Amino acid sequence: MSIVYNQEEKFFNLHTQNTTYQMGINQYGYLLHNYYGRRIADVSMDQLLDLNDRGFSGNPHQAGRDRNFSLDTAALEYTGCGIGDYRISSCEAVNADGSTAVDLQYVGYNIYKGKQGIPGMPAAYDNGGESETLEIMLEDPCTGLRAILCYSVFENMDMITRSVRFENHGDGTIRLERALSACLDMQPGSWDLIHFHGRHCMERQPERLRQPHGITRISSKRGSSSHQHNPFVIMASPETVEAYGDCYGMMLVYSGDYAAEIEMDQMNHTRLVMGINPDTFSWKLDKGQSFDTPEVIMGFTHEGLNALSQMYHRFIRNNICRGKYKNIHRPVLVNNWEGTYFNFTHEKLEAIASEAQKLGIEMFVLDDGWFGKRDDDYSGLGDWKVNEAKVRLTELVQTVNSMGMKFGLWIEPEMVNEDSDLYREHPDWVLKIPGRNPSRARYQLVLDFSRREVVDYVYEQIASVLSSCNIEYVKWDMNRSLADTWSAALPADRQGEVRHRFVLGVYRFAERLISDFPHILLEGCSGGGGRFDAGMLYYAPQIWCSDDTDAEERVLIQYGTSFGYPASTMGSHVSAVPNHQTGRISTMDLRGAVAMSGMLGYELDLTKLKSAEKAKVRQQIREYKKYAELVMNGDYYRLTDPVKDSDYCAWAFVSENRKKCLFYLVNLHTRANAPLINVRFRGLKPDANYKIQREKRIYSGAALMYGGYTFPAFAGDGQVVQMYLEETKSGTAR
Ligand code: GLA
C-alpha cells in the first residue's frame with residue numbers, strides 16, 4: 001500500500017519506492033506538512049515542525065492559551081490566507097461579505113486505487129495498477145469554501161501528482177483570486193532554486209540561485225507557459241550536483257499563465273508554491289459550483305539532478321504522453337519552413353519531397369503558407385482553406401504518399417490576421433477590450449478561445465482539411481503572447497476567467513483533434529519552444545524545441561530542456577548553413593549529432609545540398625534509425641556542463657537494461673594546445689564489459705565510469721565523437 005493513514009497519531013504517509021511524503025492533522029484541525037524526502041517507516045515526523053512561541057506570529061483562536069502553534073511558522077500542507085500566516089498563500093478569495101480570509105480546516109479523507117483525470121484538462125494517467133489516490137477535504141467553516149487536495153502516488157515511478165478541487169458549499173458567491181495547485185513547505189535547511197529561463201530562440205537555460213530571504217517568483221503572464229520561464233523548478237540542497245544530492249522537482253501540467261513562488265521566511269523555512277498565475281486570474285464560484293486547478297508533478301531523489309531528470313523523463317513518456325506515437329519510432333521528417341519560408345510553389349515542394357525520399361526521409365511537412373491569402377505574415381491567418389493556386393494539397397499528399405513518405409501540415413488555430421475572411425466576418429471573436437485597439441504581434445490578433453463556438457468553428461475548418469486527404473502529422477503553432485484580454489461572451493465580473501478559459505479552449509481543440517484523428521502525430525510549437533510544457537505533451541508527444549536551429553546553440557537549449565523533459569519530446573532539425581538565426585557555419589556532423597539527440601528532422605532546401613552533404617544525410621538517417629529507440633526511451637545522461645565548459649559537451653543515452661549506450665562528445669570551440677578532454681560515463685554496469693563499435697579494445701563499465709575515456713584534442717570546431725557501446729561477453733576488458 002503506498003498510502004497509509006495512521007489513525008492513532010493522525011498522519012498520512014505517501015510512500016513511493018524511494019520516497020515518503022507525510023502530512024499530519026493537529027489538535028486544532030490543521031493539516032501540517034511533516035516530511036518529504038527519502039523513504040522512511042510509518043513513523044510520525046512531527047518532530048521536524050517548528051512549534052515555538054514567536055513574537056508577531058500569532059495563534060489561531062482555537063489554540064486557546066497554546067502560543068506555540070502559529071500558522072505563520074508551522075509547516076502547512078495547503079494554506080488559506082488572512083488569518084495569521086504572513087507567508088505566500090496557496091489560495092485567496094473574496095467572500096460574499098467582502099472579507100478576504102480563507103481558513104482551511106481538516107474535514108476528512110478518502111483513499112482509492114488508481115487516479116482520476118481532471119475535467120477538460122491534461123493530467124498524468126495510470127496505465128493500470130500504477131497508482132493510488134488520496135483526497136483530503138479541507139473546509140472553511142465560516143464560508144463553506146471546500147478545498148479537496150488530491151494526491152496520486154505512482155509508487156514505482158517515485159512520483160506524486162497533486163491538484164486541488166474547490167467547491168462552494170456556502171450560500172453566497174466566492175471569488176477565487178488565487179487557487180494554486182500545490183504548496184510545499186520544505187525540510188529545514190537552505191535550498192538552491194534551479195529554474196529555466198530564456199527568450200525566443202534560446203529557451204530553458206538553467207539558472208541556480210541560493211534562495212534569499214523573501215520571495216522569488218518564476219512566472220508567465222503571456223497566455224502560454226512561455227519562452228521566458230518554464231513551469232518546472234528544482235529545489236536542491238547546496239551540495240547537490242548531477243550525480244548525487246537531495247533535490248525536489250515541481251512541474252506544472254499547464255500551458256497558460258502560471259507562477260512558481262519560493263519564499264524563505266524569518267525562521268529560514270522555505271515554502272514553494274505553484275499553479276495558475278494569480279495576477280491574471282479571478283474566478284467566480286457561485287453556490288454549488290466547483291473549480292479544478294491544474295496538476296503538478298512532484299519528485300524527490302537523493303541521487304542528484306540527473307536522476308531527478310530521468311524520473312521526469314520516464315514519467316512524461318509513460319504517464320503524460322499519449323497516442324499512437326507515444327513510444328514508437330517517430331518518422332524522420334523534412335519541413336519546408338527554413339527551406340522556402342512563404343515562397344514556395346507546388347513544384348518546389350514536390351522537388352524537395354522527391355529529394356527527401358532519395359535520402360531516406362520518412363515524412364514531408366508543409367509549414368506555414370498553404371492556406372488563405374498567406375504569402376507573408378500580414379494576412380490569411382484564420383482562413384483554413386487550401387490556397388489551390390499555390391499548392392494542390394490532395395495531389396501533393398498523394399505524390400508524397402506514392403513516394404513512400406507520410407505527409408504533415410502546419411496549423412495555427414488560435415490566431416487570426418485582420419486581413420482575413422474570418423476576421424471580417426467575426427471581428428468580435430478576438431481578444432480585445434472595448435474602446436481600445438488591440439496590440440498586434442507578428443501582425444496577428446488572438447482568437448477568443450475562451451468561447452466554445454470559436455474553438456469549434458476553427459476546429460471544423462481545420463478538421464475538414466485534415467480529413468480531405470491522408471495527413472499523418474500536424475504541427476500546431478502559436479506565434480504571439482496574449483494581451484488585451486477581454487471576452488465579448490463573458491459579463492464584467494467574469495473577465496478574470498478569460499485566460500484560464502482560453503487554455504481550456506486550447507485543450508478542448510487538442511482533445512478533439514487527437515480523438516478524431518488518432519493516427520496523427522501532433523507536434524506542439526509556439527515560435528519554437530514557447531509552450532513547451534507537460535500540459536501540451538499530454539496531447540502532442542513532441543514539441544518543436546526552438547526556432548533556433550543553430551547546432552551550437554541547440555546544444556545549450558537541449559541541455560537545459562533535458563532537466564525536465566525527455567529527448568522523445570524534443571523536435572530537432574538539421575538546417576542550412578550559414579544558420580538563419582546566427583549566421584554561424586557548423587559542420588554537418590555537429591548539426592546531425594544534435595538533431596539526432598532528439599526527434600530528428602531536416603529543415604532546409606534539400607535540392608540545394610551538395611552530393612557529399614547528401615551522403616552525410618543518408619548516413620545520419622541510417623544511423624538514427626538504428627539508435628532511435630535508445631534516444632526515445634533510453635536513460636539520458638548529461639555528462640558535461642556546456643554552460644561551465646563551453647568548449648565541448650558530452651551526453652549519452654543508456655538502455656534500461658544498461659547493455660547499450662549511445663554516446664556523443666561534440667567539440668564546440670577548438671583551442672590551440674588544448675588540454676585533453678576526459679569524460680566519465682554513467683549508467684553502465686561496473687562489472688560488465690562493453691565493446692565500443694569500430695574499436696578493437698573492450699572496456700569494463702567500471703573503467704569507463706570511474707576512470708572515464710580520454711579524448712585527443714580536436715582539430716577544428718564542430719567535430720563529433722559518436723560512440724555506440726554494447727555489452728559483450730567475449731574478449732578481455734581493460
Ligand atoms: C513559427 C514556428 C516556425 C514556423 C513559423 C511559420 O515561428 O516556430 O517553425 O512554423 O512559425 O510561420
# chains A, B, ... in the order shown; residues from 1 in each chain; ligands from 1
>>> residues_near_ligand(ligand="ligand 1", cutoff="7 Å", atoms="only C-alpha atoms and all ligand atoms", output="ChimeraX atom specification")
/A:337,367-368,410,477,479,525-528,546-547
>>> write_last_selection(atoms="all heavy atoms", output="mmCIF file, in the first residue's frame")
data_model
loop_
_atom_site.group_PDB
_atom_site.id
_atom_site.type_symbol
_atom_site.label_atom_id
_atom_site.label_comp_id
_atom_site.auth_asym_id
_atom_site.auth_seq_id
_atom_site.Cartn_x
_atom_site.Cartn_y
_atom_site.Cartn_z
ATOM 1 N N TRP A 337 9.950 24.938 -43.939
ATOM 2 C CA TRP A 337 9.954 26.331 -43.481
ATOM 3 C C TRP A 337 11.268 27.046 -43.778
ATOM 4 O O TRP A 337 11.327 27.975 -44.579
ATOM 5 C CB TRP A 337 9.576 26.413 -41.991
ATOM 6 C CG TRP A 337 9.560 27.827 -41.473
ATOM 7 C CD1 TRP A 337 10.382 28.361 -40.525
ATOM 8 C CD2 TRP A 337 8.706 28.904 -41.907
ATOM 9 N NE1 TRP A 337 10.085 29.681 -40.326
ATOM 10 C CE2 TRP A 337 9.065 30.044 -41.168
ATOM 11 C CE3 TRP A 337 7.683 29.003 -42.847
ATOM 12 C CZ2 TRP A 337 8.435 31.269 -41.334
ATOM 13 C CZ3 TRP A 337 7.056 30.243 -43.015
ATOM 14 C CH2 TRP A 337 7.431 31.348 -42.263
ATOM 15 N N ASP A 367 4.828 23.552 -44.057
ATOM 16 C CA ASP A 367 4.688 24.530 -42.974
ATOM 17 C C ASP A 367 3.751 25.661 -43.400
ATOM 18 O O ASP A 367 2.942 25.521 -44.318
ATOM 19 C CB ASP A 367 6.097 25.034 -42.586
ATOM 20 C CG ASP A 367 6.197 25.410 -41.122
ATOM 21 O OD1 ASP A 367 5.798 26.542 -40.788
ATOM 22 O OD2 ASP A 367 6.651 24.592 -40.301
ATOM 23 N N ASP A 368 3.862 26.779 -42.742
ATOM 24 C CA ASP A 368 3.014 27.956 -42.954
ATOM 25 C C ASP A 368 2.937 28.364 -44.432
ATOM 26 O O ASP A 368 3.926 28.261 -45.155
ATOM 27 C CB ASP A 368 3.639 29.106 -42.135
ATOM 28 C CG ASP A 368 2.685 30.245 -41.921
ATOM 29 O OD1 ASP A 368 1.592 30.218 -42.490
ATOM 30 O OD2 ASP A 368 3.049 31.166 -41.168
ATOM 31 N N TRP A 410 1.151 22.196 -41.198
ATOM 32 C CA TRP A 410 1.258 23.222 -40.148
ATOM 33 C C TRP A 410 -0.094 23.909 -39.949
ATOM 34 O O TRP A 410 -0.802 24.207 -40.917
ATOM 35 C CB TRP A 410 2.290 24.241 -40.597
ATOM 36 C CG TRP A 410 2.553 25.405 -39.692
ATOM 37 C CD1 TRP A 410 3.551 25.509 -38.766
ATOM 38 C CD2 TRP A 410 1.853 26.670 -39.672
ATOM 39 N NE1 TRP A 410 3.511 26.740 -38.155
ATOM 40 C CE2 TRP A 410 2.479 27.480 -38.683
ATOM 41 C CE3 TRP A 410 0.764 27.192 -40.364
ATOM 42 C CZ2 TRP A 410 2.057 28.776 -38.389
ATOM 43 C CZ3 TRP A 410 0.333 28.479 -40.060
ATOM 44 C CH2 TRP A 410 0.986 29.257 -39.079
ATOM 45 N N ASP A 477 1.103 25.484 -34.120
ATOM 46 C CA ASP A 477 1.919 26.638 -33.743
ATOM 47 C C ASP A 477 1.101 27.657 -32.952
ATOM 48 O O ASP A 477 -0.137 27.619 -32.935
ATOM 49 C CB ASP A 477 2.457 27.284 -35.028
ATOM 50 C CG ASP A 477 3.836 27.880 -34.836
ATOM 51 O OD1 ASP A 477 4.172 28.244 -33.695
ATOM 52 O OD2 ASP A 477 4.558 28.004 -35.840
ATOM 53 N N ASN A 479 1.922 31.800 -32.333
ATOM 54 C CA ASN A 479 3.025 32.724 -32.559
ATOM 55 C C ASN A 479 2.925 34.108 -31.936
ATOM 56 O O ASN A 479 3.486 35.064 -32.458
ATOM 57 C CB ASN A 479 3.269 32.843 -34.070
ATOM 58 C CG ASN A 479 4.126 31.691 -34.566
ATOM 59 O OD1 ASN A 479 5.072 31.296 -33.883
ATOM 60 N ND2 ASN A 479 3.810 31.148 -35.718
ATOM 61 N N CYS A 525 4.180 23.561 -30.861
ATOM 62 C CA CYS A 525 5.135 24.600 -31.252
ATOM 63 C C CYS A 525 4.563 25.932 -30.824
ATOM 64 O O CYS A 525 3.352 26.130 -30.846
ATOM 65 C CB CYS A 525 5.322 24.580 -32.773
ATOM 66 S SG CYS A 525 6.382 25.895 -33.417
ATOM 67 N N SER A 526 5.423 26.829 -30.397
ATOM 68 C CA SER A 526 4.992 28.201 -30.203
ATOM 69 C C SER A 526 6.224 29.049 -30.469
ATOM 70 O O SER A 526 7.043 29.251 -29.578
ATOM 71 C CB SER A 526 4.477 28.413 -28.775
ATOM 72 O OG SER A 526 4.248 29.789 -28.553
ATOM 73 N N GLY A 527 6.396 29.430 -31.733
ATOM 74 C CA GLY A 527 7.646 30.096 -32.106
ATOM 75 C C GLY A 527 8.808 29.270 -31.581
ATOM 76 O O GLY A 527 9.705 29.784 -30.923
ATOM 77 N N GLY A 528 8.771 27.953 -31.852
ATOM 78 C CA GLY A 528 9.728 27.023 -31.241
ATOM 79 C C GLY A 528 9.185 26.566 -29.907
ATOM 80 O O GLY A 528 8.055 26.088 -29.801
ATOM 81 N N SER A 546 12.889 24.702 -30.414
ATOM 82 C CA SER A 546 13.269 26.116 -30.519
ATOM 83 C C SER A 546 13.284 26.528 -31.977
ATOM 84 O O SER A 546 13.575 25.703 -32.852
ATOM 85 C CB SER A 546 14.664 26.322 -29.932
ATOM 86 O OG SER A 546 15.049 27.673 -30.069
ATOM 87 N N ASP A 547 13.019 27.809 -32.236
ATOM 88 C CA ASP A 547 13.186 28.328 -33.593
ATOM 89 C C ASP A 547 14.662 28.530 -33.911
ATOM 90 O O ASP A 547 15.015 28.866 -35.036
ATOM 91 C CB ASP A 547 12.440 29.663 -33.756
ATOM 92 C CG ASP A 547 11.013 29.460 -34.248
ATOM 93 O OD1 ASP A 547 10.671 28.320 -34.615
ATOM 94 O OD2 ASP A 547 10.243 30.446 -34.262
#
>>> residues_around(residues="range 380-383 of chain A", least_positions_apart="3", cutoff="8 Å", atoms="only C-alpha atoms", output="JSON list (two decimals) with C-alpha atoms, in the first residue's frame")
[["chain", "number", "residue", "atom", "x", "y", "z"],
["A", 371, "PHE", "CA", -3.96, 28.37, -46.88],
["A", 372, "GLY", "CA", -5.95, 31.57, -47.48],
["A", 373, "LYS", "CA", -4.13, 34.62, -48.77],
["A", 374, "ARG", "CA", -0.98, 33.75, -46.90],
["A", 377, "ASP", "CA", 2.61, 37.01, -42.19],
["A", 412, "GLU", "CA", -2.01, 27.92, -36.01],
["A", 413, "PRO", "CA", -5.60, 27.62, -34.74],
["A", 415, "MET", "CA", -4.66, 33.22, -34.26],
["A", 416, "VAL", "CA", -6.06, 35.49, -36.92],
["A", 417, "ASN", "CA", -4.86, 38.28, -39.20],
["A", 419, "ASP", "CA", -6.75, 40.79, -43.28],
["A", 420, "SER", "CA", -8.66, 37.51, -43.33],
["A", 421, "ASP", "CA", -12.19, 36.44, -44.14],
["A", 422, "LEU", "CA", -12.57, 35.06, -40.63],
["A", 423, "TYR", "CA", -11.83, 38.42, -39.00],
["A", 444, "GLN", "CA", -1.82, 38.95, -35.77],
["A", 458, "VAL", "CA", -11.87, 26.85, -36.18]]
>>> select_by_dssp(residues="range 243-321 of chain A", states="alpha helix (DSSP H)", output="compact mmCIF listing (two decimals) with C-alpha atoms, in the first residue's frame")
# COMPACT_ATOMS: atom_id res chain seq x y z
CA LEU A 305 19.92 16.20 -10.67
CA ASN A 306 20.43 13.67 -13.42
CA ALA A 307 18.44 11.06 -11.52
CA LEU A 308 15.65 13.60 -10.97
CA SER A 309 15.60 14.37 -14.70
CA GLN A 310 15.38 10.68 -15.53
CA MET A 311 12.41 10.32 -13.20
CA TYR A 312 10.61 13.11 -15.04
CA HIS A 313 11.62 11.66 -18.40
CA ARG A 314 10.15 8.27 -17.57
CA PHE A 315 7.01 9.77 -16.11
>>> select_by_dssp(residues="range 328-543 of chain A", states="strand (DSSP E)", output="PDB file with N, CA, C and O atoms, in the first residue's frame")
ATOM      1  N   LEU A 333      11.588  13.569 -40.540  1.00  0.00           N
ATOM      2  CA  LEU A 333      10.826  14.451 -41.431  1.00  0.00           C
ATOM      3  C   LEU A 333      11.695  15.513 -42.104  1.00  0.00           C
ATOM      4  O   LEU A 333      12.806  15.797 -41.652  1.00  0.00           O
ATOM      5  N   VAL A 334      11.144  16.062 -43.183  1.00  0.00           N
ATOM      6  CA  VAL A 334      11.712  17.295 -43.724  1.00  0.00           C
ATOM      7  C   VAL A 334      10.591  18.328 -43.664  1.00  0.00           C
ATOM      8  O   VAL A 334       9.455  18.051 -44.026  1.00  0.00           O
ATOM      9  N   ASN A 335      10.930  19.512 -43.146  1.00  0.00           N
ATOM     10  CA  ASN A 335       9.972  20.602 -43.042  1.00  0.00           C
ATOM     11  C   ASN A 335      10.462  21.706 -43.982  1.00  0.00           C
ATOM     12  O   ASN A 335      11.650  22.016 -44.016  1.00  0.00           O
ATOM     13  N   MET A 363       8.983  11.512 -43.904  1.00  0.00           N
ATOM     14  CA  MET A 363       7.757  12.331 -43.892  1.00  0.00           C
ATOM     15  C   MET A 363       8.078  13.735 -44.433  1.00  0.00           C
ATOM     16  O   MET A 363       9.125  14.311 -44.117  1.00  0.00           O
ATOM     17  N   PHE A 364       7.151  14.259 -45.205  1.00  0.00           N
ATOM     18  CA  PHE A 364       7.289  15.622 -45.720  1.00  0.00           C
ATOM     19  C   PHE A 364       6.290  16.519 -44.993  1.00  0.00           C
ATOM     20  O   PHE A 364       5.086  16.221 -44.959  1.00  0.00           O
ATOM     21  N   VAL A 365       6.768  17.607 -44.414  1.00  0.00           N
ATOM     22  CA  VAL A 365       5.879  18.509 -43.674  1.00  0.00           C
ATOM     23  C   VAL A 365       5.784  19.856 -44.377  1.00  0.00           C
ATOM     24  O   VAL A 365       6.801  20.518 -44.626  1.00  0.00           O
ATOM     25  N   LEU A 366       4.558  20.256 -44.693  1.00  0.00           N
ATOM     26  CA  LEU A 366       4.306  21.558 -45.306  1.00  0.00           C
ATOM     27  C   LEU A 366       3.984  22.547 -44.198  1.00  0.00           C
ATOM     28  O   LEU A 366       2.993  22.406 -43.496  1.00  0.00           O
ATOM     29  N   LYS A 406       5.165   9.817 -45.505  1.00  0.00           N
ATOM     30  CA  LYS A 406       3.969  10.369 -44.891  1.00  0.00           C
ATOM     31  C   LYS A 406       3.919  11.871 -45.173  1.00  0.00           C
ATOM     32  O   LYS A 406       4.935  12.472 -45.544  1.00  0.00           O
ATOM     33  N   PHE A 407       2.751  12.463 -44.881  1.00  0.00           N
ATOM     34  CA  PHE A 407       2.590  13.892 -45.130  1.00  0.00           C
ATOM     35  C   PHE A 407       2.115  14.607 -43.862  1.00  0.00           C
ATOM     36  O   PHE A 407       1.234  14.126 -43.147  1.00  0.00           O
ATOM     37  N   GLY A 408       2.719  15.754 -43.589  1.00  0.00           N
ATOM     38  CA  GLY A 408       2.340  16.531 -42.404  1.00  0.00           C
ATOM     39  C   GLY A 408       2.034  17.983 -42.752  1.00  0.00           C
ATOM     40  O   GLY A 408       2.473  18.505 -43.775  1.00  0.00           O
ATOM     41  N   LEU A 409       1.260  18.650 -41.893  1.00  0.00           N
ATOM     42  CA  LEU A 409       0.784  20.001 -42.186  1.00  0.00           C
ATOM     43  C   LEU A 409       0.881  20.899 -40.964  1.00  0.00           C
ATOM     44  O   LEU A 409       0.666  20.457 -39.835  1.00  0.00           O
ATOM     45  N   TRP A 410       1.151  22.196 -41.198  1.00  0.00           N
ATOM     46  CA  TRP A 410       1.258  23.222 -40.148  1.00  0.00           C
ATOM     47  C   TRP A 410      -0.094  23.909 -39.949  1.00  0.00           C
ATOM     48  O   TRP A 410      -0.802  24.207 -40.917  1.00  0.00           O
ATOM     49  N   ILE A 411      -0.435  24.181 -38.701  1.00  0.00           N
ATOM     50  CA  ILE A 411      -1.640  24.981 -38.398  1.00  0.00           C
ATOM     51  C   ILE A 411      -1.336  25.955 -37.253  1.00  0.00           C
ATOM     52  O   ILE A 411      -0.393  25.738 -36.475  1.00  0.00           O
ATOM     53  N   MET A 415      -5.044  31.884 -33.821  1.00  0.00           N
ATOM     54  CA  MET A 415      -4.659  33.218 -34.265  1.00  0.00           C
ATOM     55  C   MET A 415      -5.396  33.643 -35.533  1.00  0.00           C
ATOM     56  O   MET A 415      -5.911  32.815 -36.274  1.00  0.00           O
ATOM     57  N   VAL A 416      -5.378  34.956 -35.743  1.00  0.00           N
ATOM     58  CA  VAL A 416      -6.057  35.492 -36.920  1.00  0.00           C
ATOM     59  C   VAL A 416      -5.354  36.784 -37.372  1.00  0.00           C
ATOM     60  O   VAL A 416      -4.857  37.534 -36.532  1.00  0.00           O
ATOM     61  N   LEU A 445      -3.776  38.881 -34.373  1.00  0.00           N
ATOM     62  CA  LEU A 445      -4.551  39.012 -33.144  1.00  0.00           C
ATOM     63  C   LEU A 445      -4.871  37.612 -32.632  1.00  0.00           C
ATOM     64  O   LEU A 445      -4.695  36.627 -33.344  1.00  0.00           O
ATOM     65  N   VAL A 446      -5.346  37.567 -31.394  1.00  0.00           N
ATOM     66  CA  VAL A 446      -5.609  36.273 -30.769  1.00  0.00           C
ATOM     67  C   VAL A 446      -7.111  36.008 -30.781  1.00  0.00           C
ATOM     68  O   VAL A 446      -7.897  36.866 -30.360  1.00  0.00           O
ATOM     69  N   TYR A 473       0.454  13.931 -39.776  1.00  0.00           N
ATOM     70  CA  TYR A 473       1.209  14.713 -38.785  1.00  0.00           C
ATOM     71  C   TYR A 473       0.686  16.139 -38.836  1.00  0.00           C
ATOM     72  O   TYR A 473       0.361  16.642 -39.907  1.00  0.00           O
ATOM     73  N   VAL A 474       0.605  16.767 -37.663  1.00  0.00           N
ATOM     74  CA  VAL A 474       0.217  18.177 -37.610  1.00  0.00           C
ATOM     75  C   VAL A 474       1.164  18.916 -36.692  1.00  0.00           C
ATOM     76  O   VAL A 474       1.486  18.447 -35.599  1.00  0.00           O
ATOM     77  N   LYS A 475       1.652  20.074 -37.156  1.00  0.00           N
ATOM     78  CA  LYS A 475       2.464  20.942 -36.300  1.00  0.00           C
ATOM     79  C   LYS A 475       1.563  22.094 -35.867  1.00  0.00           C
ATOM     80  O   LYS A 475       1.133  22.897 -36.693  1.00  0.00           O
ATOM     81  N   TRP A 476       1.292  22.190 -34.585  1.00  0.00           N
ATOM     82  CA  TRP A 476       0.380  23.191 -34.034  1.00  0.00           C
ATOM     83  C   TRP A 476       1.217  24.338 -33.476  1.00  0.00           C
ATOM     84  O   TRP A 476       1.898  24.178 -32.470  1.00  0.00           O
ATOM     85  N   LEU A 521       0.307  12.235 -35.775  1.00  0.00           N
ATOM     86  CA  LEU A 521       1.337  12.623 -34.804  1.00  0.00           C
ATOM     87  C   LEU A 521       1.253  14.140 -34.657  1.00  0.00           C
ATOM     88  O   LEU A 521       1.432  14.871 -35.627  1.00  0.00           O
ATOM     89  N   LEU A 522       0.933  14.592 -33.457  1.00  0.00           N
ATOM     90  CA  LEU A 522       0.811  16.033 -33.224  1.00  0.00           C
ATOM     91  C   LEU A 522       2.117  16.548 -32.637  1.00  0.00           C
ATOM     92  O   LEU A 522       2.637  15.976 -31.671  1.00  0.00           O
ATOM     93  N   GLU A 523       2.664  17.608 -33.248  1.00  0.00           N
ATOM     94  CA  GLU A 523       3.866  18.241 -32.696  1.00  0.00           C
ATOM     95  C   GLU A 523       3.484  19.636 -32.231  1.00  0.00           C
ATOM     96  O   GLU A 523       2.916  20.421 -32.988  1.00  0.00           O
ATOM     97  N   GLY A 524       3.762  19.951 -30.987  1.00  0.00           N
ATOM     98  CA  GLY A 524       3.476  21.280 -30.461  1.00  0.00           C
ATOM     99  C   GLY A 524       4.530  22.273 -30.913  1.00  0.00           C
ATOM    100  O   GLY A 524       5.641  21.896 -31.302  1.00  0.00           O
ATOM    101  N   GLN A 542       5.560  15.355 -28.975  1.00  0.00           N
ATOM    102  CA  GLN A 542       6.807  16.089 -29.215  1.00  0.00           C
ATOM    103  C   GLN A 542       6.497  17.549 -29.509  1.00  0.00           C
ATOM    104  O   GLN A 542       5.399  17.889 -29.949  1.00  0.00           O
ATOM    105  N   ILE A 543       7.491  18.400 -29.233  1.00  0.00           N
ATOM    106  CA  ILE A 543       7.313  19.840 -29.385  1.00  0.00           C
ATOM    107  C   ILE A 543       8.562  20.387 -30.077  1.00  0.00           C
ATOM    108  O   ILE A 543       9.684  19.974 -29.752  1.00  0.00           O
TER     109      ILE A 543
END
>>> closest_residue(among="A:Tyr690, A:Tyr664, A:Tyr636, A:Tyr325", to="Val720 in chain A", atoms="only C-alpha atoms")
A:Tyr664
>>> residues_around(residues="range 702-708 of chain A", least_positions_apart="5", cutoff="12 Å", atoms="only C-alpha atoms", output="list in words")
Ala243, Leu639, Cys661, Phe663, Ile677, Asn678, Val679, Arg680, Phe681, Arg682, Gly683, Leu684, Lys685, Pro686, Asp687, Ala688, Asn689, Tyr690, Lys691, Ile692, Leu725, Ala733 and Arg734 of chain A
>>> residues_around(residues="Trp191 in chain A", least_positions_apart="3", cutoff="8 Å", atoms="only C-alpha atoms", output="ChimeraX atom specification")
/A:210-211,235-238,270
>>> closest_residue(among="A:Gly117, A:Gly583, A:Pro122, A:Gly530", to="Val503 in chain A", atoms="only C-alpha atoms")
A:Pro122
>>> atom_distance(atom1="CA of Met405 in chain A", atom2="CA of Arg317 in chain A")
25.8 Å
>>> residues_around(residues="Trp486 in chain A", least_positions_apart="2", cutoff="7 Å", atoms="only C-alpha atoms", output="PyMOL selection string")
chain A and resi 431-433+484+488+495+498
>>> closest_residue(among="A:Gln116, A:Asn336, A:Ser2, A:Thr670", to="Ala351 in chain A", atoms="only C-alpha atoms")
A:Asn336
>>> atom_distance(atom1="CA of Asp641 in chain A", atom2="CA of Ile297 in chain A")
25.5 Å
>>> residues_around(residues="Gly108 in chain A", least_positions_apart="4", cutoff="10 Å", atoms="only C-alpha atoms", output="PyMOL selection string")
chain A and resi 135-139+148
>>> residues_around(residues="Ser282 in chain A", least_positions_apart="5", cutoff="12 Å", atoms="only C-alpha atoms", output="PyMOL selection string")
chain A and resi 91-94+174-180+276-277+291+492-501
>>> closest_residue(among="A:Thr345, A:Ser354, A:Asn633, A:Ser152", to="Glu388 in chain A", atoms="only C-alpha atoms")
A:Thr345
>>> closest_residue(among="A:His33, A:Leu609, A:Lys324, A:Tyr28", to="Ala63 in chain A", atoms="only C-alpha atoms")
A:Tyr28
>>> closest_residue(among="A:Phe300, A:Phe563, A:Tyr36, A:Tyr637", to="Met23 in chain A", atoms="only C-alpha atoms")
A:Tyr36
